[in-house]
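In what follows, a structure is listed as structure tokens, so that the remarks can point back to it.
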Amino acid sequence: MARKKKIVRKGEVDARYVVPPVQRALRLLRYIADGNAVESPSRAAKELSINRTTLVRLLATLSAERMIERRHDGEGYRLGIGMATLTARALFSADIVQVADPILADLANQLGLSSHLGILEGRDVIYVVRRVPNLHLVSNVRIGSRLPAHASNIGRVILAHMPRDSVAELYARVTMEPVTDKTVTTIDDLLRQIARDRDLGLAWSDSNFERGISSVAAPVFDHTGNVAGGINVSGATGALDGAGRRKEISSALSAAAQEISRRIGYSPPTGTALTGGRSSS
């Protein structure tokens, strides 16, 4: 009797060609991306239904390929620069990156400040666009850089426009490491800070992440009305000083965020403003 040929419909994946070891590696990457540091390989192996020896080998392989890296405290893993780079390259073909790139280039030259687009991945912000003015002093942040969301103003402005319960769940039972003495380190302080950022419409930072560097971030929204990322401008604190200068920066940044949001399909409710213009440290 002739063997019946399996029919695979368009959009479906033929299970005969799925590679289980690759599936296990991707499952482990998603597990780490969700904030699970694999501090205990035995527990992680059980939760992922992966043999412990296999999991240890996967960790070694992913580390060698720089997809994951040891956390600063040496306890467990986080996503690595290799994964961040892949993400940045993939996103460069996405609408938000293509739309934001020329707008941020104009913004950087208009204000004489570095401009960036970041997206949230887990509890980190990944920088996917960077534009700098034709000046000597510019931001050291590079495409693919990963910064803790609670300590960076792009992260704060994204968190500020997420549901409060989602933020609380994201940081539940998490130790928030300080970057400077201005970094919030508790969930209650974080919720209060992002509530202020949401009220302002912008998230200001004066030496919050790096001493002597000031910046301000604004949210970008997608066609569903959800926050899709954040943009900021940054520079030496003196370059952002003064009420008049801050008003100029706020206005330009808000306009850029609104334009990016509009071009990726966001339509704000009638009579509402996307971002505000006041400043706060």
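Ordered as shown in the structure tokens, chains take letters A, B, and onward, while each chain numbers its residues from 1 and ligands are numbered from 1 in the order shown.
For Ser152 (chain A), the list of residues within 9 Å, based on only C-alpha atoms and with local chain neighbours fewer than 3 positions off taken out, reads Val125, Leu147, Pro148, Ala149, Gly155, Arg156, Val157, Thr183, Ser205, Asn208 and Phe209 of chain A.
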*Give the strand (DSSP E) residues of region 22-123 of chain A, as assigned by DSSP on the backbone, as JSON, numbers by chain.*
{"A": [68, 69, 70, 77, 78, 79, 114, 115, 116, 117, 118, 119, 120, 121]}
*asked:* Residues near region 83-87 of chain A, anyone? I mean within 8 Å using only C-alpha atoms, not counting same-chain ones fewer than 4 positions away, as a PyMOL selection string.
replied: chain A and resi 66-68+79+91+126+143-146
Take the residues from that selection and put them in a file with C-alpha atoms, as a compact mmCIF listing (two decimals), in the first residue's frame.
```txt
# COMPACT_ATOMS: atom_id res chain seq x y z
CA ARG A 66 27.65 35.27 23.37
CA MET A 67 23.89 34.72 23.33
CA ILE A 68 23.99 34.70 27.13
CA LEU A 79 20.93 37.61 27.69
CA LEU A 91 14.45 45.30 14.43
CA ILE A 126 17.96 47.61 24.22
CA ILE A 143 23.34 50.12 19.09
CA GLY A 144 22.75 46.87 20.95
CA SER A 145 23.59 48.38 24.33
CA ARG A 146 21.50 46.91 27.12
```
*In terms of the shortest atom-to-atom distance over only C-alpha atoms, which of A:Ile213, A:Leu190, A:Leu111, A:Ala105 is closest to Val141 (chain A)?*
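The answer is A:Ile213, which sits nearest to Val141 (chain A).
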Kindly provide the residues of region 98-146 of chain A that approach region 164-179 of chain A to within 12 Å, each paired with its closest atom pair and their distance in Å to one decimal, based on only C-alpha atoms, listed by chain and increasing number, as CSV.
```
residue,atom,partner,partner_atom,distance
A:Leu120,CA,A:Leu170,CA,11.6
A:Glu121,CA,A:Leu170,CA,11.0
A:Gly122,CA,A:Leu170,CA,7.8
A:Arg123,CA,A:Leu170,CA,7.2
A:Asp124,CA,A:Leu170,CA,11.0
```
*Point out the residue among A:Thr185, A:Gln258, A:Ser40, A:Ser267 with the least atom-to-atom distance to Gly76 (chain A), counting only C-alpha atoms.*
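The answer is A:Ser40, which sits nearest to Gly76 (chain A).
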